[in-house]
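Asker: Before anything else, here's the structure in question.
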Amino acid sequence: DAPTFGTPYCTPAVDNSSGAPGEISAFGSDEVAANDLTVRASNLPPLQFGLAVVSNTQDFVPGAGGSLGNLCLGGAIGRYNSQIQSSGPMGEILIDVDLTAIPQPSSLVAAWHRDVGPAGPASNFSPGLAVTLR
């Protein structure tokens, strides 16, 4: 595994239907000039869709938008809509972040993903991850 960086916060996330809380990490390079940053969301429910969301502001929003989990971002929130992915059988999403085209200037990231709740389809969030770009 590649070394990871960034500072997780708002942990642990609320357990998802896999029975564990989602996790988030970053690897590659934190140098903007290198443009080689990947965000990994893991421990997600298998075969569910998810995407990265970003912001400049930490927050704590329980059950955001009817979610089972807590959104740890606030203020203006950008989404990587073009990189919606399936978590596959391993419950993992890898998002290659183009540092020249971040949805908004940001240093905080979380993963939103589909989930299955007691009443049927739902969604959940990973914890937040603060990444300082150089």
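By order in the structure tokens, chains are A, B, ...; within a chain, residues start at 1; ligands start at 1, following the order shown.
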Can you list, as a list in words, every protein, DNA or RNA residue that comes within 7 Å of Ser86 of chain A when you count only C-alpha atoms, leaving out same-chain residues fewer than 4 positions away?
Answerer: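 What passes the distance filter is Leu47, Gln48, Phe49, Gly50 and Ile93 of chain A.
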Asker: Can you pull out every residue within 12 Å of Asp98 of chain A, counting only C-alpha atoms, but drop anything in the same chain fewer than 3 positions away, and send it as a list of chain:residue names?
Answerer: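 Result of the neighbour search: A:Gly28, A:Ser29, A:Asp30, A:Glu31, A:Val32, A:Ala33, A:Ala34, A:Asn35, A:Asp36, A:Leu37, A:Thr38, A:Val39, A:Tyr80, A:Ser82, A:Gln83, A:Ile95, A:Ala101, A:Ile102, A:Pro103, A:Gln104, A:Pro105.
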Asker: Using only C-alpha atoms, which residue out of A:Val109, A:Leu44, A:Val116, A:Ala64 lies closest to Pro21 of chain A?
Answerer: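 Between A:Val109, A:Leu44, A:Val116, A:Ala64, the residue approaching Pro21 of chain A most closely is A:Leu44.
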Asker: If you measure from atom CA of Phe5 of chain A to atom CA of Asn70 of chain A, what distance in Å do you get, rounded to one decimal?
Answerer: 22.3 Å
Asker: Just give me the gap between atom CA of Pro62 of chain A and atom CA of Thr132 of chain A in Å, one decimal is fine.
Answerer: 25.4 Å
Asker: Which residues come within 6 Å of Pro45 of chain A, counting only C-alpha atoms, excluding same-chain residues fewer than 2 positions away, as a PDB file with all heavy atoms, in the first residue's frame?
Answerer:
```
ATOM      1  N   SER A  17     -24.229  -0.335   6.191  1.00  0.00           N
ATOM      2  CA  SER A  17     -24.810  -1.678   6.128  1.00  0.00           C
ATOM      3  C   SER A  17     -23.772  -2.787   6.014  1.00  0.00           C
ATOM      4  O   SER A  17     -24.112  -3.955   6.121  1.00  0.00           O
ATOM      5  CB  SER A  17     -25.829  -1.769   4.986  1.00  0.00           C
ATOM      6  OG  SER A  17     -25.208  -1.491   3.752  1.00  0.00           O
ATOM      7  N   SER A  18     -22.489  -2.431   5.829  1.00  0.00           N
ATOM      8  CA  SER A  18     -21.437  -3.459   5.862  1.00  0.00           C
ATOM      9  C   SER A  18     -21.146  -3.871   7.296  1.00  0.00           C
ATOM     10  O   SER A  18     -20.437  -4.843   7.528  1.00  0.00           O
ATOM     11  CB  SER A  18     -20.149  -2.946   5.205  1.00  0.00           C
ATOM     12  OG  SER A  18     -19.477  -2.027   6.072  1.00  0.00           O
ATOM     13  N   GLY A  91     -16.046  -2.941  -1.541  1.00  0.00           N
ATOM     14  CA  GLY A  91     -16.528  -1.786  -0.789  1.00  0.00           C
ATOM     15  C   GLY A  91     -15.537  -0.641  -0.767  1.00  0.00           C
ATOM     16  O   GLY A  91     -15.322  -0.016   0.268  1.00  0.00           O
TER      17      GLY A  91
END
```
Asker: Using DSSP assignments from the backbone, pull out every residue in segment 40-87 of chain A that falls under strand (DSSP E or B) and give it to me as a list in words.
Answerer: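 For segment 40-87 of chain A, the strand (DSSP E or B) set is Arg40, Ala41, Ser42, Phe49, Gly50, Leu51, Ala52, Val53, Val54, Ser55, Thr57, Gln58, Asp59, Phe60, Val61, Pro62, Asn70, Leu71, Cys72, Leu73, Gly74, Gly78, Arg79, Gln85 and Ser86 of chain A.
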Asker: Could the residues in this selection be saved with N, CA, C and O atoms as a CSV table (one decimal), in the first residue's frame?
Answerer:
```csv
chain,number,residue,atom,x,y,z
A,40,ARG,N,-9.2,7.6,-1.3
A,40,ARG,CA,-9.7,6.2,-1.2
A,40,ARG,C,-10.8,6.3,-0.1
A,40,ARG,O,-10.5,6.6,1.0
A,41,ALA,N,-12.0,5.8,-0.5
A,41,ALA,CA,-13.1,5.6,0.5
A,41,ALA,C,-13.2,4.1,0.6
A,41,ALA,O,-13.3,3.4,-0.4
A,42,SER,N,-13.1,3.6,1.9
A,42,SER,CA,-13.1,2.1,2.1
A,42,SER,C,-14.1,1.8,3.2
A,42,SER,O,-14.6,2.6,3.9
A,49,PHE,N,-23.1,2.9,-5.1
A,49,PHE,CA,-22.5,4.0,-5.8
A,49,PHE,C,-22.1,5.1,-4.8
A,49,PHE,O,-22.7,5.2,-3.7
A,50,GLY,N,-21.0,5.8,-5.1
A,50,GLY,CA,-20.5,6.9,-4.2
A,50,GLY,C,-19.7,7.9,-5.0
A,50,GLY,O,-19.4,7.7,-6.1
A,51,LEU,N,-19.4,9.0,-4.3
A,51,LEU,CA,-18.6,10.1,-4.9
A,51,LEU,C,-18.0,10.9,-3.8
A,51,LEU,O,-18.4,10.8,-2.7
A,52,ALA,N,-17.0,11.7,-4.2
A,52,ALA,CA,-16.3,12.5,-3.2
A,52,ALA,C,-17.0,13.9,-3.2
A,52,ALA,O,-17.5,14.4,-4.2
A,53,VAL,N,-17.1,14.5,-2.0
A,53,VAL,CA,-17.6,15.8,-1.8
A,53,VAL,C,-16.5,16.6,-1.1
A,53,VAL,O,-15.7,16.0,-0.3
A,54,VAL,N,-16.4,17.9,-1.4
A,54,VAL,CA,-15.3,18.7,-0.9
A,54,VAL,C,-15.8,20.1,-0.4
A,54,VAL,O,-16.8,20.5,-0.8
A,55,SER,N,-15.0,20.6,0.6
A,55,SER,CA,-15.4,21.9,1.1
A,55,SER,C,-14.2,22.6,1.8
A,55,SER,O,-13.1,21.9,2.0
A,57,THR,N,-14.8,24.1,4.7
A,57,THR,CA,-15.3,24.3,6.1
A,57,THR,C,-15.7,22.9,6.7
A,57,THR,O,-16.4,22.1,6.2
A,58,GLN,N,-15.1,22.7,7.9
A,58,GLN,CA,-15.6,21.6,8.7
A,58,GLN,C,-16.9,21.9,9.4
A,58,GLN,O,-17.2,23.0,9.8
A,59,ASP,N,-17.7,20.9,9.5
A,59,ASP,CA,-19.0,21.0,10.2
A,59,ASP,C,-19.4,19.7,10.7
A,59,ASP,O,-18.7,18.7,10.5
A,60,PHE,N,-20.6,19.6,11.3
A,60,PHE,CA,-21.2,18.3,11.8
A,60,PHE,C,-22.7,18.4,11.6
A,60,PHE,O,-23.3,19.1,12.3
A,61,VAL,N,-23.2,17.7,10.5
A,61,VAL,CA,-24.6,17.8,10.2
A,61,VAL,C,-25.1,16.4,10.3
A,61,VAL,O,-25.0,15.6,9.4
A,62,PRO,N,-25.8,16.0,11.4
A,62,PRO,CA,-26.3,14.7,11.6
A,62,PRO,C,-27.5,14.4,10.6
A,62,PRO,O,-28.3,15.3,10.4
A,70,ASN,N,-23.4,11.2,9.2
A,70,ASN,CA,-23.2,12.6,9.5
A,70,ASN,C,-22.3,13.2,8.4
A,70,ASN,O,-21.2,12.7,8.1
A,71,LEU,N,-22.7,14.3,7.9
A,71,LEU,CA,-21.9,15.1,7.0
A,71,LEU,C,-20.9,16.0,7.8
A,71,LEU,O,-21.4,16.8,8.6
A,72,CYS,N,-19.6,15.8,7.5
A,72,CYS,CA,-18.6,16.5,8.3
A,72,CYS,C,-18.1,17.7,7.5
A,72,CYS,O,-17.0,18.2,7.8
A,73,LEU,N,-18.8,18.2,6.5
A,73,LEU,CA,-18.4,19.4,5.8
A,73,LEU,C,-19.5,20.4,5.9
A,73,LEU,O,-20.7,20.1,6.2
A,74,GLY,N,-19.2,21.7,5.7
A,74,GLY,CA,-20.2,22.7,5.8
A,74,GLY,C,-19.9,23.8,4.7
A,74,GLY,O,-19.0,23.7,3.9
A,78,GLY,N,-18.6,21.2,-2.9
A,78,GLY,CA,-18.4,20.8,-4.3
A,78,GLY,C,-18.5,19.2,-4.4
A,78,GLY,O,-18.3,18.5,-3.4
A,79,ARG,N,-18.9,18.7,-5.5
A,79,ARG,CA,-19.1,17.3,-5.7
A,79,ARG,C,-18.3,16.8,-7.0
A,79,ARG,O,-18.3,17.5,-8.0
A,85,GLN,N,-18.8,6.3,-8.8
A,85,GLN,CA,-18.3,5.0,-9.0
A,85,GLN,C,-19.0,4.0,-8.1
A,85,GLN,O,-19.6,4.3,-7.1
A,86,SER,N,-18.9,2.7,-8.5
A,86,SER,CA,-19.4,1.6,-7.7
A,86,SER,C,-18.3,1.2,-6.7
A,86,SER,O,-17.2,1.2,-7.1
```
Asker: Using only C-alpha atoms for the distances, tell me which of A:Thr4, A:Arg114, A:Leu129, A:Arg134 is nearest to Gly66 of chain A.
Answerer: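 For Gly66 of chain A, the nearest of the candidates is A:Arg114.
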Asker: Kindly indicate which residue among A:Gly69, A:Pro89, A:Gly75, A:Gly128 lies nearest to Asp15 of chain A, using only C-alpha atoms for the distances.
Answerer: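 Selected residue with least distance to Asp15 of chain A: A:Gly69.
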Asker: As a VMD selection string, please: every residue in chain A that DSSP puts in helix (DSSP H, G or I).
Answerer: chain A and resid 32 to 34 64 to 66 81 to 83
Asker: Can you spit out the residues from that selection as a PDB file, in the first residue's frame, using N, CA and C atoms?
Answerer:
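Output saved as part_11.pdb:
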```pdb
ATOM      1  N   VAL A  32       0.577  20.352  -5.513  1.00  0.00           N
ATOM      2  CA  VAL A  32      -0.323  20.720  -6.602  1.00  0.00           C
ATOM      3  C   VAL A  32       0.361  20.520  -7.956  1.00  0.00           C
ATOM      4  N   ALA A  33       1.635  20.888  -8.051  1.00  0.00           N
ATOM      5  CA  ALA A  33       2.354  20.781  -9.327  1.00  0.00           C
ATOM      6  C   ALA A  33       2.436  19.339  -9.823  1.00  0.00           C
ATOM      7  N   ALA A  34       2.477  18.374  -8.911  1.00  0.00           N
ATOM      8  CA  ALA A  34       2.554  16.961  -9.302  1.00  0.00           C
ATOM      9  C   ALA A  34       1.213  16.449  -9.835  1.00  0.00           C
ATOM     10  N   ALA A  64     -27.651  14.421   7.414  1.00  0.00           N
ATOM     11  CA  ALA A  64     -27.752  15.401   6.318  1.00  0.00           C
ATOM     12  C   ALA A  64     -28.545  14.837   5.145  1.00  0.00           C
ATOM     13  N   GLY A  65     -29.556  15.564   4.708  1.00  0.00           N
ATOM     14  CA  GLY A  65     -30.354  15.151   3.555  1.00  0.00           C
ATOM     15  C   GLY A  65     -31.061  13.822   3.735  1.00  0.00           C
ATOM     16  N   GLY A  66     -31.347  13.437   4.963  1.00  0.00           N
ATOM     17  CA  GLY A  66     -31.996  12.155   5.224  1.00  0.00           C
ATOM     18  C   GLY A  66     -31.034  10.986   5.293  1.00  0.00           C
ATOM     19  N   ASN A  81     -19.144  14.876  -9.391  1.00  0.00           N
ATOM     20  CA  ASN A  81     -20.232  14.176 -10.086  1.00  0.00           C
ATOM     21  C   ASN A  81     -19.741  13.318 -11.242  1.00  0.00           C
ATOM     22  N   SER A  82     -18.675  13.750 -11.916  1.00  0.00           N
ATOM     23  CA  SER A  82     -18.201  12.990 -13.071  1.00  0.00           C
ATOM     24  C   SER A  82     -17.441  11.729 -12.660  1.00  0.00           C
ATOM     25  N   GLN A  83     -17.205  11.555 -11.361  1.00  0.00           N
ATOM     26  CA  GLN A  83     -16.479  10.375 -10.904  1.00  0.00           C
ATOM     27  C   GLN A  83     -17.318   9.499  -9.979  1.00  0.00           C
TER      28      GLN A  83
END
```
